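Chemist: As input, take final_29.pdb (PDB, C-alpha atoms):
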ATOM      1  CA  MET I  92     -17.689 -19.854   8.106  1.00  0.00           C
ATOM      2  CA  LYS I  93     -14.509 -18.034   9.050  1.00  0.00           C
ATOM      3  CA  SER I  94     -14.093 -17.174  12.724  1.00  0.00           C
ATOM      4  CA  CYS I  95     -12.343 -13.821  12.223  1.00  0.00           C
ATOM      5  CA  VAL I  96     -13.272 -10.597  10.475  1.00  0.00           C
ATOM      6  CA  VAL I  97     -11.366  -7.378   9.839  1.00  0.00           C
ATOM      7  CA  LEU I  98     -13.747  -4.460  10.120  1.00  0.00           C
ATOM      8  CA  TYR I  99     -12.381  -1.105   9.029  1.00  0.00           C
ATOM      9  CA  GLN I 100     -13.159   2.554   8.486  1.00  0.00           C
ATOM     10  CA  SER I 101     -10.818   4.450   6.197  1.00  0.00           C
ATOM     11  CA  LYS I 102     -11.013   8.076   5.117  1.00  0.00           C
ATOM     12  CA  TYR I 103      -7.984   8.380   2.835  1.00  0.00           C
ATOM     13  CA  GLY I 104      -7.116   4.747   2.108  1.00  0.00           C
ATOM     14  CA  THR I 105      -4.260   3.747   4.397  1.00  0.00           C
ATOM     15  CA  THR I 106      -6.446   2.002   6.964  1.00  0.00           C
ATOM     16  CA  LYS I 107      -8.156   0.147   4.129  1.00  0.00           C
ATOM     17  CA  LYS I 108      -4.741  -0.944   2.848  1.00  0.00           C
ATOM     18  CA  TYR I 109      -3.775  -2.265   6.293  1.00  0.00           C
ATOM     19  CA  ALA I 110      -7.155  -3.997   6.662  1.00  0.00           C
ATOM     20  CA  GLU I 111      -6.748  -5.700   3.284  1.00  0.00           C
ATOM     21  CA  TRP I 112      -3.211  -6.835   4.155  1.00  0.00           C
ATOM     22  CA  LEU I 113      -4.386  -8.143   7.514  1.00  0.00           C
ATOM     23  CA  ALA I 114      -7.386 -10.002   6.074  1.00  0.00           C
ATOM     24  CA  GLU I 115      -5.059 -11.572   3.508  1.00  0.00           C
ATOM     25  CA  GLU I 116      -2.487 -12.533   6.136  1.00  0.00           C
ATOM     26  CA  LEU I 117      -5.096 -14.070   8.460  1.00  0.00           C
ATOM     27  CA  SER I 118      -7.275 -15.503   5.673  1.00  0.00           C
ATOM     28  CA  CYS I 119     -10.318 -13.826   7.158  1.00  0.00           C
ATOM     29  CA  ASP I 120     -13.214 -11.736   5.933  1.00  0.00           C
ATOM     30  CA  LEU I 121     -13.029  -8.000   5.349  1.00  0.00           C
ATOM     31  CA  ILE I 122     -15.944  -5.609   5.860  1.00  0.00           C
ATOM     32  CA  GLU I 123     -16.123  -1.816   5.848  1.00  0.00           C
ATOM     33  CA  THR I 124     -17.890  -0.489   8.971  1.00  0.00           C
ATOM     34  CA  LYS I 125     -20.211   1.695   6.910  1.00  0.00           C
ATOM     35  CA  LYS I 126     -21.484  -1.428   5.106  1.00  0.00           C
ATOM     36  CA  ALA I 127     -21.494  -3.746   8.132  1.00  0.00           C
ATOM     37  CA  THR I 128     -24.525  -4.900  10.036  1.00  0.00           C
ATOM     38  CA  ILE I 129     -24.377  -6.256  13.544  1.00  0.00           C
ATOM     39  CA  GLU I 130     -25.953  -9.481  12.280  1.00  0.00           C
ATOM     40  CA  GLN I 131     -22.954  -9.981   9.967  1.00  0.00           C
ATOM     41  CA  ILE I 132     -20.355  -9.147  12.602  1.00  0.00           C
ATOM     42  CA  GLU I 133     -21.710 -11.053  15.585  1.00  0.00           C
ATOM     43  CA  LYS I 134     -21.225 -14.342  13.708  1.00  0.00           C
ATOM     44  CA  TYR I 135     -17.455 -14.062  14.187  1.00  0.00           C
ATOM     45  CA  LYS I 136     -15.470 -15.110  17.251  1.00  0.00           C
ATOM     46  CA  THR I 137     -12.724 -12.527  16.661  1.00  0.00           C
ATOM     47  CA  ILE I 138     -13.344  -8.988  15.448  1.00  0.00           C
ATOM     48  CA  ILE I 139     -10.421  -6.796  14.429  1.00  0.00           C
ATOM     49  CA  LEU I 140     -11.371  -3.152  13.965  1.00  0.00           C
ATOM     50  CA  GLY I 141      -9.078  -0.768  12.123  1.00  0.00           C
ATOM     51  CA  GLY I 142      -9.604   2.972  11.979  1.00  0.00           C
ATOM     52  CA  GLY I 143      -7.744   6.168  11.305  1.00  0.00           C
ATOM     53  CA  ILE I 144      -7.062   8.613  14.116  1.00  0.00           C
ATOM     54  CA  TYR I 145      -8.914  11.923  13.873  1.00  0.00           C
ATOM     55  CA  ALA I 146      -8.865  14.442  16.746  1.00  0.00           C
ATOM     56  CA  SER I 147      -7.879  11.676  19.190  1.00  0.00           C
ATOM     57  CA  GLY I 148     -10.763   9.461  18.102  1.00  0.00           C
ATOM     58  CA  ILE I 149     -10.445   6.153  16.266  1.00  0.00           C
ATOM     59  CA  ALA I 150     -12.720   5.989  13.232  1.00  0.00           C
ATOM     60  CA  GLY I 151     -15.164   3.099  13.469  1.00  0.00           C
ATOM     61  CA  ILE I 152     -14.938   2.684  17.248  1.00  0.00           C
ATOM     62  CA  SER I 153     -18.531   3.873  17.457  1.00  0.00           C
ATOM     63  CA  PHE I 154     -19.616   0.572  15.837  1.00  0.00           C
ATOM     64  CA  LEU I 155     -18.113  -1.378  18.740  1.00  0.00           C
ATOM     65  CA  LYS I 156     -19.653   0.958  21.305  1.00  0.00           C
ATOM     66  CA  LYS I 157     -23.077   0.937  19.669  1.00  0.00           C
ATOM     67  CA  TYR I 158     -23.204  -2.867  19.740  1.00  0.00           C
ATOM     68  CA  HIS I 159     -21.259  -3.454  22.947  1.00  0.00           C
ATOM     69  CA  GLU I 160     -23.894  -5.738  24.479  1.00  0.00           C
ATOM     70  CA  ARG I 161     -23.998  -7.969  21.412  1.00  0.00           C
ATOM     71  CA  LEU I 162     -20.203  -8.114  21.070  1.00  0.00           C
ATOM     72  CA  LYS I 163     -19.079  -8.280  24.706  1.00  0.00           C
ATOM     73  CA  ASN I 164     -18.321 -12.019  24.536  1.00  0.00           C
ATOM     74  CA  LYS I 165     -16.246 -11.697  21.364  1.00  0.00           C
ATOM     75  CA  LYS I 166     -12.499 -11.297  21.101  1.00  0.00           C
ATOM     76  CA  VAL I 167     -12.091  -7.713  19.952  1.00  0.00           C
ATOM     77  CA  ILE I 168      -8.843  -6.160  18.786  1.00  0.00           C
ATOM     78  CA  VAL I 169      -8.361  -2.595  17.546  1.00  0.00           C
ATOM     79  CA  PHE I 170      -5.640  -1.099  15.401  1.00  0.00           C
ATOM     80  CA  ALA I 171      -5.364   2.630  14.867  1.00  0.00           C
ATOM     81  CA  VAL I 172      -3.648   4.277  11.921  1.00  0.00           C
ATOM     82  CA  GLY I 173      -2.014   7.688  12.199  1.00  0.00           C
ATOM     83  CA  ALA I 174       0.614   9.834  10.552  1.00  0.00           C
ATOM     84  CA  SER I 175       2.754  10.247  13.651  1.00  0.00           C
ATOM     85  CA  PRO I 176       5.592   7.939  14.651  1.00  0.00           C
ATOM     86  CA  TYR I 177       4.831   5.485  17.457  1.00  0.00           C
ATOM     87  CA  ASP I 178       4.895   7.188  20.841  1.00  0.00           C
ATOM     88  CA  GLU I 179       3.935   5.371  24.045  1.00  0.00           C
ATOM     89  CA  LYS I 180       2.567   8.535  25.650  1.00  0.00           C
ATOM     90  CA  ALA I 181       0.357   9.276  22.628  1.00  0.00           C
ATOM     91  CA  ILE I 182      -0.900   5.673  22.510  1.00  0.00           C
ATOM     92  CA  ALA I 183      -1.778   5.848  26.211  1.00  0.00           C
ATOM     93  CA  ALA I 184      -3.742   9.050  25.578  1.00  0.00           C
ATOM     94  CA  LEU I 185      -5.457   7.438  22.581  1.00  0.00           C
ATOM     95  CA  ARG I 186      -6.397   4.433  24.729  1.00  0.00           C
ATOM     96  CA  GLU I 187      -7.692   6.683  27.530  1.00  0.00           C
ATOM     97  CA  HIS I 188      -9.798   8.719  25.095  1.00  0.00           C
ATOM     98  CA  ASN I 189     -11.304   5.751  23.227  1.00  0.00           C
ATOM     99  CA  PHE I 190     -11.435   2.870  25.725  1.00  0.00           C
ATOM    100  CA  LYS I 191     -13.427   3.774  28.805  1.00  0.00           C
ATOM    101  CA  GLU I 192     -14.208   1.205  31.518  1.00  0.00           C
ATOM    102  CA  GLU I 193     -15.936  -1.643  29.688  1.00  0.00           C
ATOM    103  CA  TYR I 194     -13.513  -1.329  26.763  1.00  0.00           C
ATOM    104  CA  SER I 195     -10.299  -1.088  28.789  1.00  0.00           C
ATOM    105  CA  HIS I 196      -9.436  -4.756  28.144  1.00  0.00           C
ATOM    106  CA  ILE I 197      -9.408  -4.348  24.350  1.00  0.00           C
ATOM    107  CA  PRO I 198      -5.899  -4.628  22.876  1.00  0.00           C
ATOM    108  CA  LEU I 199      -4.838  -1.575  20.879  1.00  0.00           C
ATOM    109  CA  PHE I 200      -2.174  -1.665  18.176  1.00  0.00           C
ATOM    110  CA  TYR I 201      -0.742   1.202  16.150  1.00  0.00           C
ATOM    111  CA  CYS I 202       0.199   1.307  12.469  1.00  0.00           C
ATOM    112  CA  ARG I 203       1.826   4.350  10.968  1.00  0.00           C
ATOM    113  CA  GLY I 204      -0.098   5.702   7.998  1.00  0.00           C
ATOM    114  CA  ALA I 205       0.380   8.377   5.391  1.00  0.00           C
ATOM    115  CA  TRP I 206       0.270  12.136   4.953  1.00  0.00           C
ATOM    116  CA  ASN I 207      -0.899  13.782   1.769  1.00  0.00           C
ATOM    117  CA  GLU I 208      -2.435  17.230   2.021  1.00  0.00           C
ATOM    118  CA  ALA I 209      -3.367  17.132  -1.679  1.00  0.00           C
ATOM    119  CA  VAL I 210      -6.015  14.455  -1.041  1.00  0.00           C
ATOM    120  CA  MET I 211      -7.272  15.843   2.270  1.00  0.00           C
ATOM    121  CA  SER I 212     -10.678  17.436   2.478  1.00  0.00           C
ATOM    122  CA  TRP I 213     -10.768  21.204   2.710  1.00  0.00           C
ATOM    123  CA  THR I 214     -11.781  20.934   6.368  1.00  0.00           C
ATOM    124  CA  ASP I 215      -8.925  18.581   7.239  1.00  0.00           C
ATOM    125  CA  ARG I 216      -6.390  20.820   5.461  1.00  0.00           C
ATOM    126  CA  LEU I 217      -7.727  23.827   7.367  1.00  0.00           C
ATOM    127  CA  LEU I 218      -7.576  22.054  10.721  1.00  0.00           C
ATOM    128  CA  CYS I 219      -4.035  20.836  10.030  1.00  0.00           C
ATOM    129  CA  SER I 220      -3.011  24.324   8.970  1.00  0.00           C
ATOM    130  CA  LEU I 221      -4.355  25.803  12.207  1.00  0.00           C
ATOM    131  CA  LEU I 222      -2.640  23.082  14.214  1.00  0.00           C
ATOM    132  CA  LYS I 223       0.673  23.733  12.425  1.00  0.00           C
ATOM    133  CA  LYS I 224       0.394  27.457  13.220  1.00  0.00           C
ATOM    134  CA  ALA I 225      -0.158  26.693  16.890  1.00  0.00           C
ATOM    135  CA  VAL I 226       2.741  24.223  17.016  1.00  0.00           C
ATOM    136  CA  ALA I 227       5.043  26.631  15.147  1.00  0.00           C
ATOM    137  CA  LYS I 228       4.778  29.054  18.078  1.00  0.00           C
ATOM    138  CA  LYS I 229       6.464  26.503  20.352  1.00  0.00           C
ATOM    139  CA  ASP I 230      10.156  25.879  20.800  1.00  0.00           C
ATOM    140  CA  PRO I 231      11.011  22.904  18.514  1.00  0.00           C
ATOM    141  CA  ALA I 232      13.092  21.436  21.348  1.00  0.00           C
ATOM    142  CA  THR I 233       9.847  20.926  23.304  1.00  0.00           C
ATOM    143  CA  TYR I 234       7.846  19.265  20.513  1.00  0.00           C
ATOM    144  CA  GLU I 235       6.052  16.013  21.173  1.00  0.00           C
ATOM    145  CA  PRO I 236       6.850  13.353  18.512  1.00  0.00           C
ATOM    146  CA  TRP I 237       3.549  14.015  16.714  1.00  0.00           C
ATOM    147  CA  GLU I 238       4.324  17.745  16.586  1.00  0.00           C
ATOM    148  CA  THR I 239       7.749  17.090  15.059  1.00  0.00           C
ATOM    149  CA  ALA I 240       6.141  14.821  12.453  1.00  0.00           C
ATOM    150  CA  LEU I 241       3.467  17.427  11.688  1.00  0.00           C
ATOM    151  CA  MET I 242       6.009  20.179  11.145  1.00  0.00           C
ATOM    152  CA  GLN I 243       8.248  17.960   8.987  1.00  0.00           C
ATOM    153  CA  ALA I 244       5.341  16.813   6.818  1.00  0.00           C
ATOM    154  CA  ALA I 245       4.068  20.281   5.948  1.00  0.00           C
ATOM    155  CA  GLY I 246       3.598  20.473   2.190  1.00  0.00           C
ATOM    156  CA  ILE I 247       5.213  17.083   1.564  1.00  0.00           C
ATOM    157  CA  SER I 248       3.548  13.702   0.985  1.00  0.00           C
ATOM    158  CA  PHE I 249       4.662  10.622   2.900  1.00  0.00           C
ATOM    159  CA  ASP I 250       3.502   7.019   3.018  1.00  0.00           C
ATOM    160  CA  TRP I 251       4.886   5.149   6.012  1.00  0.00           C
ATOM    161  CA  SER I 252       2.543   2.169   5.659  1.00  0.00           C
ATOM    162  CA  ASP I 253       4.383  -1.112   6.038  1.00  0.00           C
ATOM    163  CA  ARG I 254       3.184  -4.695   6.475  1.00  0.00           C
ATOM    164  CA  ALA I 255       5.696  -5.010   9.309  1.00  0.00           C
ATOM    165  CA  TYR I 256       3.316  -3.053  11.573  1.00  0.00           C
ATOM    166  CA  LEU I 257       0.837  -5.927  11.268  1.00  0.00           C
ATOM    167  CA  LYS I 258       3.233  -8.539  12.639  1.00  0.00           C
ATOM    168  CA  GLN I 259       2.282  -7.794  16.247  1.00  0.00           C
ATOM    169  CA  ILE I 260      -1.442  -8.110  15.427  1.00  0.00           C
ATOM    170  CA  VAL I 261      -0.976 -11.383  13.559  1.00  0.00           C
ATOM    171  CA  GLU I 262       1.065 -12.772  16.446  1.00  0.00           C
ATOM    172  CA  TYR I 263      -1.567 -11.666  18.953  1.00  0.00           C
ATOM    173  CA  VAL I 264      -4.385 -13.286  16.960  1.00  0.00           C
ATOM    174  CA  GLY I 265      -2.333 -16.467  16.807  1.00  0.00           C
ATOM    175  CA  VAL I 266      -2.296 -16.802  20.592  1.00  0.00           C
ATOM    176  CA  ILE I 267      -5.900 -15.901  21.435  1.00  0.00           C
TER
END
If you convert what's in this file into structure tokens, what do you get?

Modeler:
Amino acid sequence: MKSCVVLYQSKYGTTKKYAEWLAEELSCDLIETKKATIEQIEKYKTIILGGGIYASGIAGISFLKKYHERLKNKKVIVFAVGASPYDEKAIAALREHNFKEEYSHIPLFYCRGAWNEAVMSWTDRLLCSLLKKAVAKKDPATYEPWETALMQAAGISFDWSDRAYLKQIVEYVGVI
């Protein structure tokens, strides 16, 4: 049995792509959170969870929280995938929002994803449109990095996914 699993939740495919690359790189199993059972997951020593960022939440994190008691003695690592460029302040806010007390020790990594309004759900397009309208009212000189990225991506598709983002995760797994 392998000692490591990559567990992932992907809405538009980029997190799945990263999870597949990571499982390949580490020669470990790959399981989608929606298909995972705790009995499957608790067999592993190391659990790497990947999820997209939606409204400051990391998709799939609820699996870890739901089964906290059964996973608390495991090595857990999380990687989040988002369309914005890396920003320390945004990562700190993401950590604060998703990793309360008992989860504060969990390492969090960031991988830049993709942006394609054509494949977004109607609801996601609407929410992004409303967000863009709110950001557009601000002075561009005061934009946070994610706001700059949002305004630049409007109506254009981008795919920033790159295996290089996984290097830090692979290195971390190698030392734990």

Chemist: Near Asn207 in chain I, counting all atoms listed in the file, which residues have an atom at most 10 Å away, once you skip same-chain residues fewer than 3 positions from it, shown as a PDB file with C-alpha atoms, in the frame of the given file?

Modeler:
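New file result28.pdb:
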ATOM      1  CA  TYR I 103      -7.984   8.380   2.835  1.00  0.00           C
ATOM      2  CA  ALA I 174       0.614   9.834  10.552  1.00  0.00           C
ATOM      3  CA  VAL I 210      -6.015  14.455  -1.041  1.00  0.00           C
ATOM      4  CA  MET I 211      -7.272  15.843   2.270  1.00  0.00           C
ATOM      5  CA  ARG I 216      -6.390  20.820   5.461  1.00  0.00           C
ATOM      6  CA  ALA I 244       5.341  16.813   6.818  1.00  0.00           C
ATOM      7  CA  ALA I 245       4.068  20.281   5.948  1.00  0.00           C
ATOM      8  CA  GLY I 246       3.598  20.473   2.190  1.00  0.00           C
ATOM      9  CA  ILE I 247       5.213  17.083   1.564  1.00  0.00           C
ATOM     10  CA  SER I 248       3.548  13.702   0.985  1.00  0.00           C
ATOM     11  CA  PHE I 249       4.662  10.622   2.900  1.00  0.00           C
ATOM     12  CA  ASP I 250       3.502   7.019   3.018  1.00  0.00           C
TER      13      ASP I 250
END

Chemist: What is the distance, in Å and to one decimal place, between CA of Trp237 in chain I and CA of Ile260 in chain I?

Modeler: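 Interatomic distance, CA of Trp237 in chain I to CA of Ile260 in chain I: 22.7 Å.
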
Chemist: Would you write out, as CSV, a table of all residues in range 116-141 of chain I that have an atom no more than 12 Å from an atom of range 252-258 of chain I, listing for each the closest atom pair and the distance in Å to one decimal, considering only C-alpha atoms and ordering rows by chain and rising residue number?

Modeler:
residue,atom,partner,partner_atom,distance
I:Glu116,CA,I:Leu257,CA,9.0
I:Leu117,CA,I:Leu257,CA,10.5
I:Ile139,CA,I:Leu257,CA,11.7
I:Gly141,CA,I:Leu257,CA,11.2

Chemist: What does the file look like for those residues with C-alpha atoms, as an mmCIF file, in the coordinates of the input?

Modeler:
data_model
loop_
_atom_site.group_PDB
_atom_site.id
_atom_site.type_symbol
_atom_site.label_atom_id
_atom_site.label_comp_id
_atom_site.auth_asym_id
_atom_site.auth_seq_id
_atom_site.Cartn_x
_atom_site.Cartn_y
_atom_site.Cartn_z
ATOM 1 C CA GLU I 116 -2.487 -12.533 6.136
ATOM 2 C CA LEU I 117 -5.096 -14.070 8.460
ATOM 3 C CA ILE I 139 -10.421 -6.796 14.429
ATOM 4 C CA GLY I 141 -9.078 -0.768 12.123
#

Chemist: Using all atoms listed in the file, which of the listed residues (I:Gln100, I:Tyr194, I:Ile168, I:Leu162) sits closest to Val261 in chain I?

Modeler: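 Nearest to Val261 in chain I: I:Ile168.
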
Chemist: Quote the spacing between CA of Ile138 in chain I and CA of Leu199 in chain I in Å to one decimal place.

Modeler: 12.5 Å

Chemist: If I take CA of Gly204 in chain I and CA of Ser153 in chain I, how far is one from the other in Å, to one decimal?

Modeler: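 Straight-line distance from CA of Gly204 in chain I to CA of Ser153 in chain I works out to 20.8 Å.
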
Chemist: Could you tell me which residues the PyMOL selection byres ((chain I and resi 172) around 10) grabs in this file, written as a list in words?

Modeler: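 Selected by the PyMOL selection byres ((chain I and resi 172) around 10) here: Ser101, Thr105, Thr106, Lys107, Tyr109, Gly141, Gly142, Gly143, Ile144, Tyr145, Ile149, Ala150, Phe170, Ala171, Gly173, Ala174, Ser175, Phe200, Tyr201, Cys202, Arg203, Gly204, Ala205 and Ser252 of chain I.
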
Chemist: Run the PyMOL selection byres ((chain I and resi 93) around 12) on the file and write out the hits as a PDB file with C-alpha atoms, in the coordinates of the input.

Modeler:
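Output saved as selection-v9.pdb:
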ATOM      1  CA  MET I  92     -17.689 -19.854   8.106  1.00  0.00           C
ATOM      2  CA  SER I  94     -14.093 -17.174  12.724  1.00  0.00           C
ATOM      3  CA  CYS I  95     -12.343 -13.821  12.223  1.00  0.00           C
ATOM      4  CA  VAL I  96     -13.272 -10.597  10.475  1.00  0.00           C
ATOM      5  CA  VAL I  97     -11.366  -7.378   9.839  1.00  0.00           C
ATOM      6  CA  ALA I 114      -7.386 -10.002   6.074  1.00  0.00           C
ATOM      7  CA  LEU I 117      -5.096 -14.070   8.460  1.00  0.00           C
ATOM      8  CA  SER I 118      -7.275 -15.503   5.673  1.00  0.00           C
ATOM      9  CA  CYS I 119     -10.318 -13.826   7.158  1.00  0.00           C
ATOM     10  CA  ASP I 120     -13.214 -11.736   5.933  1.00  0.00           C
ATOM     11  CA  LEU I 121     -13.029  -8.000   5.349  1.00  0.00           C
ATOM     12  CA  GLN I 131     -22.954  -9.981   9.967  1.00  0.00           C
ATOM     13  CA  ILE I 132     -20.355  -9.147  12.602  1.00  0.00           C
ATOM     14  CA  GLU I 133     -21.710 -11.053  15.585  1.00  0.00           C
ATOM     15  CA  LYS I 134     -21.225 -14.342  13.708  1.00  0.00           C
ATOM     16  CA  TYR I 135     -17.455 -14.062  14.187  1.00  0.00           C
ATOM     17  CA  LYS I 136     -15.470 -15.110  17.251  1.00  0.00           C
ATOM     18  CA  THR I 137     -12.724 -12.527  16.661  1.00  0.00           C
ATOM     19  CA  ILE I 138     -13.344  -8.988  15.448  1.00  0.00           C
TER      20      ILE I 138
END

Chemist: Can you turn the PyMOL selection byres ((chain I and resi 219) around 12) into a concrete residue list for this file, as a PyMOL selection string?

Modeler: chain I and resi 145-146+174+206-208+211-218+220-227+238+241-242+244-246

Chemist: Within 7 Å of range 124-126 of chain I, counting all atoms listed in the file, which residues show up once you throw out same-chain ones fewer than 5 positions away? Write them as a ChimeraX atom specification, please.

Modeler: /I:98-100,151

Chemist: Taking all atoms listed in the file into account, name the residue in I:Glu123, I:Pro176, I:Leu113, I:Asn164 that is nearest to Glu235 in chain I.

Modeler: I:Pro176

Chemist: Could you check the closest approach to Val264 in chain I for each of I:Ile182, I:Ala232, I:Val169, I:Ala240 and tell me which residue wins, using only C-alpha atoms?

Modeler: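 Ranking I:Ile182, I:Ala232, I:Val169, I:Ala240 by distance to Val264 in chain I, first place goes to I:Val169.
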
Chemist: Choose the residue, out of I:Lys108, I:Lys157, I:Arg186, I:Lys229, that has the smallest atom-to-atom separation from Thr128 in chain I; count all atoms listed in the file.

Modeler: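 Selected residue with least distance to Thr128 in chain I: I:Lys157.
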
Chemist: Go ahead and fit an axis-aligned box to every listed atom of range 200-218 of chain I plus 8 Å each side, and pass me the centre and edge lengths in Å, one decimal, as lines of an AutoDock Vina configuration file.

Modeler:
center_x = -5.0
center_y = 11.1
center_z = 8.2
size_x = 29.6
size_y = 41.5
size_z = 35.9

Chemist: Produce range 216-238 of chain I of the given structure as output with N, CA and C atoms, as a tab-separated table (two decimals), in the first residue's frame.

Modeler:
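The resulting file, result30.tsv, is shown below:
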chain	number	residue	atom	x	y	z
I	216	ARG	N	-20.13	33.33	-13.29
I	216	ARG	CA	-19.96	34.49	-14.19
I	216	ARG	C	-20.63	35.73	-13.61
I	217	LEU	N	-21.82	35.54	-13.05
I	217	LEU	CA	-22.55	36.66	-12.46
I	217	LEU	C	-21.78	37.24	-11.27
I	218	LEU	N	-21.32	36.38	-10.39
I	218	LEU	CA	-20.57	36.84	-9.22
I	218	LEU	C	-19.29	37.56	-9.63
I	219	CYS	N	-18.60	37.03	-10.62
I	219	CYS	CA	-17.38	37.69	-11.11
I	219	CYS	C	-17.69	39.03	-11.75
I	220	SER	N	-18.80	39.08	-12.46
I	220	SER	CA	-19.22	40.34	-13.10
I	220	SER	C	-19.51	41.40	-12.03
I	221	LEU	N	-20.21	41.02	-10.99
I	221	LEU	CA	-20.51	41.96	-9.91
I	221	LEU	C	-19.24	42.40	-9.20
I	222	LEU	N	-18.33	41.47	-9.00
I	222	LEU	CA	-17.05	41.79	-8.36
I	222	LEU	C	-16.24	42.76	-9.23
I	223	LYS	N	-16.23	42.50	-10.54
I	223	LYS	CA	-15.50	43.40	-11.46
I	223	LYS	C	-16.08	44.81	-11.42
I	224	LYS	N	-17.42	44.91	-11.35
I	224	LYS	CA	-18.05	46.24	-11.28
I	224	LYS	C	-17.66	46.97	-10.02
I	225	ALA	N	-17.58	46.25	-8.91
I	225	ALA	CA	-17.19	46.87	-7.65
I	225	ALA	C	-15.72	47.31	-7.70
I	226	VAL	N	-14.86	46.48	-8.24
I	226	VAL	CA	-13.44	46.79	-8.33
I	226	VAL	C	-13.21	47.96	-9.29
I	227	ALA	N	-13.96	48.00	-10.37
I	227	ALA	CA	-13.81	49.06	-11.38
I	227	ALA	C	-14.05	50.46	-10.81
I	228	LYS	N	-14.76	50.55	-9.71
I	228	LYS	CA	-15.04	51.84	-9.08
I	228	LYS	C	-13.83	52.37	-8.30
I	229	LYS	N	-12.85	51.50	-8.07
I	229	LYS	CA	-11.66	51.89	-7.31
I	229	LYS	C	-10.59	52.49	-8.23
I	230	ASP	N	-9.69	53.19	-7.63
I	230	ASP	CA	-8.53	53.72	-8.36
I	230	ASP	C	-7.59	52.53	-8.64
I	231	PRO	N	-7.26	52.26	-9.91
I	231	PRO	CA	-6.37	51.14	-10.23
I	231	PRO	C	-5.04	51.15	-9.48
I	232	ALA	N	-4.59	52.31	-9.08
I	232	ALA	CA	-3.33	52.41	-8.33
I	232	ALA	C	-3.45	51.78	-6.94
I	233	THR	N	-4.68	51.58	-6.47
I	233	THR	CA	-4.90	51.01	-5.13
I	233	THR	C	-5.31	49.53	-5.17
I	234	TYR	N	-5.34	48.95	-6.36
I	234	TYR	CA	-5.76	47.55	-6.49
I	234	TYR	C	-4.84	46.60	-5.73
I	235	GLU	N	-5.44	45.61	-5.12
I	235	GLU	CA	-4.71	44.47	-4.58
I	235	GLU	C	-4.29	43.63	-5.80
I	236	PRO	N	-3.29	42.75	-5.68
I	236	PRO	CA	-2.88	41.93	-6.82
I	236	PRO	C	-4.03	41.13	-7.44
I	237	TRP	N	-4.93	40.59	-6.61
I	237	TRP	CA	-6.04	39.81	-7.15
I	237	TRP	C	-7.00	40.69	-7.95
I	238	GLU	N	-7.14	41.95	-7.53
I	238	GLU	CA	-8.03	42.87	-8.24
I	238	GLU	C	-7.44	43.23	-9.61
